[in-house]
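Report on the following structure.
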Amino acid sequence: QVQLVQSGAEVKKPGSSVKVSCKASGGTFSRYTISWVRQAPGEGLEWMGRFIPSLDSANYEQNFQGRATITADKSTSTVYMELSSLRSEDTAIYYCARDLRSPGPLDMWGQGTMVTVSS
Amino acid sequence: DIQMTQSPSTLSASVGDRVTITCRARQSISNWLAWYQQKPGKAPKLLIYKASSLENGVPSRFSGSGSGTEFTLTITNLQPEDFATYYCQQYNTYWYTFGQGTKVEI
């Protein structure tokens with residue numbers, strides 16, 4: 001049974017960076033893509049980008065191109081999402097999710113990581 | 001990006017009701033649409049994919065229909081645990097977009 005377990009909450013200053021991890025357990029890591037989705041307080045869901053293990057590459061939604069970096073460590077089955085030049089509007093819960101048939105539905109989600117950007 | 005619009009934004013209902021949520025795409029997405037349920041403080045949960053296919057373990061009172069640009073999620077015999085926010089998501093392209101959500105409240 002695959003599970004996605006994310007790192008803990010973070011509090012960051014404006015202008016800094018944050019790196020959130022998502023560890024996959026119980027499955028074959030290289031078989032599926034991992035997407036990142038964020039949700040600002042009281043708001044809807046926003047897709048940010050994905051990591052494709054079979055290609056060892058990532059692609060990004062235009063709004064995050066140049067500011068988000070998604071990488072992976074295959075040896076630990078962990079995907080990372082780093083967001084730089086943080087601003088208050090980046091305060092959100094960040095989720096990783098399995099993208100089994102990419103493009104496709106997100107059928108399994110991590111528990112979410114709260115990132116707060118505040119001076 | 002393909003814009004997705006849900007209606008209504010909020011829906012008031014009672015246990016046992018039949019409710020319908022609509023999701024419209026700005027351009028045709030064939031049947032590449034998913035529905036999610038999200039409860040407060042929890043991650044979204046996949047309910048339906050490919051517009052009408054029920055995810056394993058999801059109760060049969062949930063159903064989806066539609067193709068092209070207009071889609072619906074229907075919940076029959078609404079149960080207390082169904083009060084939540086529902087989102088549609090298109091995956092016609094590699095660049096996913098979500099609807100803004102529909103809150104189903106008592």
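Residues in the structure tokens are numbered from 1 in each chain, the chains being A, B, ... in the order shown, and ligands are numbered from 1 in the order shown.
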Using only C-alpha atoms, find the residues of chain A whose closest atom to chain B is at most 8 Å away, then write them as a CSV table (one decimal) with all heavy atoms, in the first residue's frame.
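For reference, result-v3.csv as written:
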chain,number,residue,atom,x,y,z
A,43,GLU,N,-8.8,28.9,0.4
A,43,GLU,CA,-8.9,29.0,-1.0
A,43,GLU,C,-9.0,27.6,-1.7
A,43,GLU,O,-9.0,26.6,-1.0
A,43,GLU,CB,-7.7,29.8,-1.6
A,43,GLU,CG,-7.6,31.2,-1.0
A,43,GLU,CD,-8.7,32.1,-1.5
A,43,GLU,OE1,-9.2,31.9,-2.7
A,43,GLU,OE2,-9.2,32.9,-0.7
A,44,GLY,N,-8.9,27.6,-3.0
A,44,GLY,CA,-9.0,26.3,-3.7
A,44,GLY,C,-7.6,25.7,-4.0
A,44,GLY,O,-6.6,26.1,-3.4
A,45,LEU,N,-7.6,24.7,-4.9
A,45,LEU,CA,-6.4,24.0,-5.2
A,45,LEU,C,-5.7,24.5,-6.4
A,45,LEU,O,-6.4,24.9,-7.4
A,45,LEU,CB,-6.8,22.5,-5.4
A,45,LEU,CG,-7.6,21.8,-4.3
A,45,LEU,CD1,-8.1,20.5,-4.7
A,45,LEU,CD2,-6.6,21.7,-3.1
A,46,GLU,N,-4.4,24.6,-6.4
A,46,GLU,CA,-3.6,25.1,-7.4
A,46,GLU,C,-2.5,24.2,-7.8
A,46,GLU,O,-1.6,23.9,-6.9
A,46,GLU,CB,-3.1,26.5,-7.0
A,46,GLU,CG,-2.2,27.2,-8.1
A,46,GLU,CD,-1.7,28.5,-7.7
A,46,GLU,OE1,-1.6,28.8,-6.5
A,46,GLU,OE2,-1.5,29.4,-8.6
A,47,TRP,N,-2.5,23.6,-9.0
A,47,TRP,CA,-1.4,22.7,-9.4
A,47,TRP,C,-0.2,23.5,-9.7
A,47,TRP,O,-0.2,24.5,-10.4
A,47,TRP,CB,-1.9,21.9,-10.7
A,47,TRP,CG,-0.9,20.9,-11.1
A,47,TRP,CD1,-0.7,19.7,-10.6
A,47,TRP,CD2,0.0,21.0,-12.2
A,47,TRP,NE1,0.3,19.0,-11.3
A,47,TRP,CE2,0.8,19.8,-12.3
A,47,TRP,CE3,0.3,22.0,-13.2
A,47,TRP,CZ2,1.7,19.6,-13.2
A,47,TRP,CZ3,1.2,21.8,-14.1
A,47,TRP,CH2,2.0,20.6,-14.1
A,49,GLY,N,3.2,21.7,-10.4
A,49,GLY,CA,4.2,21.1,-11.3
A,49,GLY,C,4.3,19.6,-10.9
A,49,GLY,O,3.6,19.1,-10.0
A,61,GLU,N,3.8,24.6,-13.8
A,61,GLU,CA,2.8,25.5,-14.2
A,61,GLU,C,3.5,26.9,-14.4
A,61,GLU,O,4.5,27.2,-13.7
A,61,GLU,CB,1.7,25.6,-13.2
A,61,GLU,CG,0.4,26.0,-13.7
A,61,GLU,CD,0.3,27.5,-13.8
A,61,GLU,OE1,1.0,28.3,-13.2
A,61,GLU,OE2,-0.6,28.0,-14.6
A,95,TYR,N,0.7,20.2,-0.9
A,95,TYR,CA,0.5,18.7,-1.0
A,95,TYR,C,1.3,18.1,-2.1
A,95,TYR,O,1.4,18.7,-3.2
A,95,TYR,CB,-1.0,18.4,-1.3
A,95,TYR,CG,-2.0,18.8,-0.3
A,95,TYR,CD1,-2.8,20.0,-0.4
A,95,TYR,CD2,-2.3,18.0,0.8
A,95,TYR,CE1,-3.7,20.3,0.6
A,95,TYR,CE2,-3.2,18.4,1.8
A,95,TYR,CZ,-3.9,19.5,1.7
A,95,TYR,OH,-4.9,19.9,2.6
A,102,SER,N,-0.2,9.9,-15.6
A,102,SER,CA,0.0,11.2,-16.0
A,102,SER,C,0.0,11.4,-17.5
A,102,SER,O,0.7,10.7,-18.3
A,102,SER,CB,1.4,11.7,-15.5
A,102,SER,OG,1.6,13.1,-15.8
A,103,PRO,N,-0.8,12.3,-18.1
A,103,PRO,CA,-1.8,13.1,-17.3
A,103,PRO,C,-2.9,12.3,-16.8
A,103,PRO,O,-3.4,11.4,-17.6
A,103,PRO,CB,-2.2,14.1,-18.3
A,103,PRO,CG,-2.1,13.5,-19.7
A,103,PRO,CD,-0.9,12.6,-19.6
A,104,GLY,N,-3.3,12.5,-15.6
A,104,GLY,CA,-4.4,11.7,-15.0
A,104,GLY,C,-4.9,12.3,-13.7
A,104,GLY,O,-4.4,13.3,-13.3
A,105,PRO,N,-5.8,11.6,-13.1
A,105,PRO,CA,-6.2,12.0,-11.8
A,105,PRO,C,-5.1,11.8,-10.7
A,105,PRO,O,-4.2,11.0,-10.9
A,105,PRO,CB,-7.4,11.1,-11.5
A,105,PRO,CG,-7.1,9.9,-12.3
A,105,PRO,CD,-6.4,10.3,-13.5
A,106,LEU,N,-5.3,12.5,-9.6
A,106,LEU,CA,-4.3,12.4,-8.5
A,106,LEU,C,-4.9,11.5,-7.5
A,106,LEU,O,-5.8,11.9,-6.7
A,106,LEU,CB,-4.0,13.8,-7.9
A,106,LEU,CG,-3.5,14.8,-9.0
A,106,LEU,CD1,-3.4,16.2,-8.4
A,106,LEU,CD2,-2.2,14.3,-9.6
A,107,ASP,N,-4.5,10.2,-7.5
A,107,ASP,CA,-5.3,9.2,-6.7
A,107,ASP,C,-4.8,9.0,-5.3
A,107,ASP,O,-5.4,8.3,-4.6
A,107,ASP,CB,-5.3,7.9,-7.5
A,107,ASP,CG,-3.9,7.2,-7.5
A,107,ASP,OD1,-2.9,7.9,-7.5
A,107,ASP,OD2,-3.8,6.0,-7.7
A,108,MET,N,-3.7,9.6,-4.9
A,108,MET,CA,-3.2,9.4,-3.6
A,108,MET,C,-2.5,10.7,-3.2
A,108,MET,O,-1.7,11.2,-4.0
A,108,MET,CB,-2.3,8.2,-3.5
A,108,MET,CG,-1.8,7.9,-2.1
A,108,MET,SD,-1.0,6.3,-2.1
A,108,MET,CE,-2.4,5.3,-2.6
A,109,TRP,N,-2.7,11.2,-2.0
A,109,TRP,CA,-2.2,12.5,-1.6
A,109,TRP,C,-1.4,12.3,-0.3
A,109,TRP,O,-1.7,11.5,0.6
A,109,TRP,CB,-3.3,13.5,-1.3
A,109,TRP,CG,-4.1,13.8,-2.5
A,109,TRP,CD1,-4.9,13.0,-3.3
A,109,TRP,CD2,-4.2,15.1,-3.1
A,109,TRP,NE1,-5.4,13.7,-4.4
A,109,TRP,CE2,-5.0,15.0,-4.3
A,109,TRP,CE3,-3.7,16.4,-2.8
A,109,TRP,CZ2,-5.3,16.1,-5.1
A,109,TRP,CZ3,-4.0,17.4,-3.7
A,109,TRP,CH2,-4.8,17.3,-4.8
A,110,GLY,N,-0.4,13.2,-0.1
A,110,GLY,CA,0.3,13.3,1.2
A,110,GLY,C,-0.6,14.1,2.1
A,110,GLY,O,-1.7,14.6,1.8
A,111,GLN,N,-0.1,14.1,3.4
A,111,GLN,CA,-1.0,14.8,4.4
A,111,GLN,C,-0.9,16.3,4.3
A,111,GLN,O,-1.7,17.0,5.0
A,111,GLN,CB,-0.5,14.3,5.8
A,111,GLN,CG,0.6,15.0,6.4
A,111,GLN,CD,2.0,14.5,6.0
A,111,GLN,OE1,2.1,13.8,4.9
A,111,GLN,NE2,3.0,14.8,6.8
A,112,GLY,N,0.0,16.8,3.6
A,112,GLY,CA,0.1,18.3,3.4
A,112,GLY,C,1.1,18.9,4.4
A,112,GLY,O,1.4,18.3,5.5
*Which neighbours of Gly15 in chain A fall inside 8 Å, counting only C-alpha atoms, when residues of the same chain fewer than 6 positions from it are skipped, and could you give them as a PyMOL selection string?*
chain A and resi 84-87
*Could you pull out the strand (DSSP E or B) residues of range 4-119 of chain A from DSSP and send them as a PyMOL selection string?*
chain A and resi 4-6+10-12+18-25+33-39+46-52+57-60+68-73+78-83+92-99+108-109+113-117
*Smallest atom-to-atom distance to Ser25 in chain A: which of A:Pro41, A:Ser119, A:Ser77, A:Thr69, using only C-alpha atoms?*
A:Ser77
Could you pull the residues within 12 Å of Ser118 in chain A, counting only C-alpha atoms, minus those fewer than 6 positions along the same chain, as a JSON list (two decimals) with all heavy atoms, in the first residue's frame?
[["chain", "number", "residue", "atom", "x", "y", "z"],
["A", 10, "GLU", "N", 6.57, 24.65, 8.19],
["A", 10, "GLU", "CA", 7.69, 25.58, 8.10],
["A", 10, "GLU", "C", 7.19, 27.01, 8.26],
["A", 10, "GLU", "O", 6.08, 27.34, 7.83],
["A", 10, "GLU", "CB", 8.36, 25.46, 6.72],
["A", 10, "GLU", "CG", 8.85, 24.08, 6.35],
["A", 10, "GLU", "CD", 10.34, 23.90, 6.60],
["A", 10, "GLU", "OE1", 10.93, 24.75, 7.29],
["A", 10, "GLU", "OE2", 10.88, 22.90, 6.10],
["A", 11, "VAL", "N", 8.03, 27.83, 8.88],
["A", 11, "VAL", "CA", 7.79, 29.27, 8.95],
["A", 11, "VAL", "C", 9.01, 29.95, 8.33],
["A", 11, "VAL", "O", 10.14, 29.69, 8.75],
["A", 11, "VAL", "CB", 7.58, 29.76, 10.39],
["A", 11, "VAL", "CG1", 7.37, 31.28, 10.41],
["A", 11, "VAL", "CG2", 6.39, 29.04, 11.04],
["A", 12, "LYS", "N", 8.76, 30.78, 7.32],
["A", 12, "LYS", "CA", 9.86, 31.39, 6.58],
["A", 12, "LYS", "C", 9.67, 32.90, 6.47],
["A", 12, "LYS", "O", 8.55, 33.41, 6.53],
["A", 12, "LYS", "CB", 9.93, 30.78, 5.17],
["A", 12, "LYS", "CG", 10.31, 29.29, 5.15],
["A", 12, "LYS", "CD", 11.73, 29.10, 5.59],
["A", 12, "LYS", "CE", 12.15, 27.65, 5.52],
["A", 12, "LYS", "NZ", 13.56, 27.46, 5.95],
["A", 13, "LYS", "N", 10.80, 33.58, 6.28],
["A", 13, "LYS", "CA", 10.78, 35.03, 6.08],
["A", 13, "LYS", "C", 10.57, 35.33, 4.60],
["A", 13, "LYS", "O", 11.01, 34.55, 3.72],
["A", 13, "LYS", "CB", 12.11, 35.65, 6.51],
["A", 13, "LYS", "CG", 12.47, 35.41, 7.97],
["A", 13, "LYS", "CD", 11.70, 36.33, 8.88],
["A", 13, "LYS", "CE", 12.24, 36.26, 10.30],
["A", 13, "LYS", "NZ", 11.33, 36.96, 11.24],
["A", 14, "PRO", "N", 9.95, 36.46, 4.30],
["A", 14, "PRO", "CA", 9.83, 36.87, 2.88],
["A", 14, "PRO", "C", 11.20, 36.96, 2.24],
["A", 14, "PRO", "O", 12.16, 37.41, 2.86],
["A", 14, "PRO", "CB", 9.16, 38.25, 2.98],
["A", 14, "PRO", "CG", 8.40, 38.22, 4.27],
["A", 14, "PRO", "CD", 9.22, 37.38, 5.20],
["A", 15, "GLY", "N", 11.27, 36.46, 0.98],
["A", 15, "GLY", "CA", 12.53, 36.47, 0.24],
["A", 15, "GLY", "C", 13.35, 35.22, 0.40],
["A", 15, "GLY", "O", 14.28, 34.99, -0.39],
["A", 16, "SER", "N", 13.03, 34.40, 1.38],
["A", 16, "SER", "CA", 13.79, 33.17, 1.60],
["A", 16, "SER", "C", 13.21, 32.03, 0.75],
["A", 16, "SER", "O", 12.33, 32.25, -0.08],
["A", 16, "SER", "CB", 13.76, 32.80, 3.08],
["A", 16, "SER", "OG", 12.45, 32.44, 3.49],
["A", 86, "LEU", "N", 10.20, 33.70, -1.52],
["A", 86, "LEU", "CA", 8.89, 33.57, -0.89],
["A", 86, "LEU", "C", 8.27, 34.93, -0.55],
["A", 86, "LEU", "O", 8.97, 35.87, -0.16],
["A", 86, "LEU", "CB", 9.01, 32.75, 0.40],
["A", 86, "LEU", "CG", 9.30, 31.26, 0.19],
["A", 86, "LEU", "CD1", 9.64, 30.60, 1.53],
["A", 86, "LEU", "CD2", 8.12, 30.56, -0.46],
["A", 87, "ARG", "N", 6.97, 35.01, -0.73],
["A", 87, "ARG", "CA", 6.20, 36.20, -0.34],
["A", 87, "ARG", "C", 5.00, 35.73, 0.46],
["A", 87, "ARG", "O", 4.69, 34.56, 0.51],
["A", 87, "ARG", "CB", 5.79, 37.00, -1.57],
["A", 87, "ARG", "CG", 5.42, 36.16, -2.78],
["A", 87, "ARG", "CD", 5.66, 36.92, -4.06],
["A", 87, "ARG", "NE", 5.16, 36.22, -5.24],
["A", 87, "ARG", "CZ", 5.87, 36.03, -6.34],
["A", 87, "ARG", "NH1", 7.13, 36.47, -6.41],
["A", 87, "ARG", "NH2", 5.36, 35.39, -7.37],
["A", 88, "SER", "N", 4.32, 36.68, 1.07],
["A", 88, "SER", "CA", 3.22, 36.32, 1.96],
["A", 88, "SER", "C", 2.15, 35.51, 1.24],
["A", 88, "SER", "O", 1.49, 34.65, 1.84],
["A", 88, "SER", "CB", 2.61, 37.59, 2.57],
["A", 88, "SER", "OG", 2.14, 38.46, 1.55],
["A", 89, "GLU", "N", 1.98, 35.76, -0.05],
["A", 89, "GLU", "CA", 0.95, 35.03, -0.82],
["A", 89, "GLU", "C", 1.28, 33.56, -1.01],
["A", 89, "GLU", "O", 0.44, 32.78, -1.48],
["A", 89, "GLU", "CB", 0.76, 35.67, -2.20],
["A", 89, "GLU", "CG", 0.53, 37.16, -2.25],
["A", 89, "GLU", "CD", 1.84, 37.92, -2.34],
["A", 89, "GLU", "OE1", 2.31, 38.18, -3.48],
["A", 89, "GLU", "OE2", 2.39, 38.28, -1.26],
["A", 90, "ASP", "N", 2.51, 33.16, -0.68],
["A", 90, "ASP", "CA", 2.89, 31.76, -0.77],
["A", 90, "ASP", "C", 2.50, 30.97, 0.49],
["A", 90, "ASP", "O", 2.69, 29.75, 0.54],
["A", 90, "ASP", "CB", 4.40, 31.62, -1.00],
["A", 90, "ASP", "CG", 4.83, 32.17, -2.35],
["A", 90, "ASP", "OD1", 4.12, 31.94, -3.34],
["A", 90, "ASP", "OD2", 5.88, 32.86, -2.40],
["A", 91, "THR", "N", 1.95, 31.66, 1.49],
["A", 91, "THR", "CA", 1.45, 30.98, 2.67],
["A", 91, "THR", "C", 0.32, 30.04, 2.24],
["A", 91, "THR", "O", -0.69, 30.48, 1.69],
["A", 91, "THR", "CB", 0.94, 31.99, 3.71],
["A", 91, "THR", "OG1", 2.05, 32.76, 4.20],
["A", 91, "THR", "CG2", 0.24, 31.29, 4.86],
["A", 92, "ALA", "N", 0.52, 28.76, 2.49],
["A", 92, "ALA", "CA", -0.41, 27.76, 1.98],
["A", 92, "ALA", "C", -0.06, 26.39, 2.55],
["A", 92, "ALA", "O", 1.02, 26.20, 3.13],
["A", 92, "ALA", "CB", -0.37, 27.69, 0.45]]
_Neighbouring residues of Thr20 in chain B were defined as those with any atom within 9 Å, considering only C-alpha atoms; residues of the same chain fewer than 6 positions away were excluded. Please report them as a PyMOL selection string._
chain B and resi 72-76
Limited to N, CA, C and O atoms, could you put the picked residues into a file as a short mmCIF file (atom, residue, chain, number, x, y, z; two decimals), in the first residue's frame?
data_model
loop_
_atom_site.label_atom_id
_atom_site.label_comp_id
_atom_site.auth_asym_id
_atom_site.auth_seq_id
_atom_site.Cartn_x
_atom_site.Cartn_y
_atom_site.Cartn_z
N THR B 72 -21.17 16.92 -14.45
CA THR B 72 -21.88 16.99 -13.18
C THR B 72 -21.41 15.90 -12.24
O THR B 72 -21.07 14.79 -12.66
N LEU B 73 -21.42 16.26 -10.98
CA LEU B 73 -21.24 15.31 -9.89
C LEU B 73 -22.57 15.25 -9.14
O LEU B 73 -23.09 16.30 -8.75
N THR B 74 -23.10 14.05 -8.98
CA THR B 74 -24.36 13.87 -8.28
C THR B 74 -24.15 13.00 -7.06
O THR B 74 -23.45 11.98 -7.13
N ILE B 75 -24.72 13.43 -5.94
CA ILE B 75 -24.71 12.63 -4.73
C ILE B 75 -26.17 12.35 -4.39
O ILE B 75 -26.96 13.29 -4.17
N THR B 76 -26.53 11.09 -4.39
CA THR B 76 -27.89 10.72 -4.01
C THR B 76 -27.89 10.28 -2.55
O THR B 76 -26.89 9.79 -2.02
#
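CA of Glu82 in chain A sits 5.6 Å away from CA of Ala68 in chain A.
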*Interatomic distance between CA of Asp82 in chain B and CA of Val104 in chain B?*
7.8 Å
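Proximity ranking of A:Arg101, A:Ile93, A:Asn63, A:Leu4 relative to Gly42 in chain A places A:Ile93 first, based on only C-alpha atoms.
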Can you pull out the residues contacting Asp17 in chain B? Cut-off 7 Å, using only C-alpha atoms, and skip same-chain residues under 4 positions away; I want them as a compact mmCIF listing (two decimals) with all heavy atoms, in the first residue's frame.
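around.txt written:
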# COMPACT_ATOMS: atom_id res chain seq x y z
N ALA B 13 -27.98 21.73 1.88
CA ALA B 13 -28.76 20.52 1.67
C ALA B 13 -29.00 19.81 3.00
O ALA B 13 -28.44 20.20 4.03
CB ALA B 13 -28.02 19.59 0.70
N THR B 76 -26.53 11.09 -4.39
CA THR B 76 -27.89 10.72 -4.01
C THR B 76 -27.89 10.28 -2.55
O THR B 76 -26.89 9.79 -2.02
CB THR B 76 -28.42 9.58 -4.88
OG1 THR B 76 -27.52 8.47 -4.80
CG2 THR B 76 -28.53 10.01 -6.34
N ASN B 77 -29.03 10.49 -1.88
CA ASN B 77 -29.16 10.10 -0.47
C ASN B 77 -27.97 10.63 0.34
O ASN B 77 -27.20 9.87 0.96
CB ASN B 77 -29.26 8.57 -0.35
CG ASN B 77 -29.60 8.12 1.05
OD1 ASN B 77 -30.14 8.91 1.85
ND2 ASN B 77 -29.28 6.88 1.37
N LEU B 78 -27.84 11.94 0.36
CA LEU B 78 -26.71 12.62 1.04
C LEU B 78 -26.59 12.14 2.48
O LEU B 78 -27.58 12.09 3.23
CB LEU B 78 -26.96 14.12 0.98
CG LEU B 78 -25.80 15.05 1.28
CD1 LEU B 78 -24.75 14.98 0.18
CD2 LEU B 78 -26.31 16.49 1.42
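Here CA of Thr28 in chain A and CA of Val2 in chain A stand 8.6 Å from one another.
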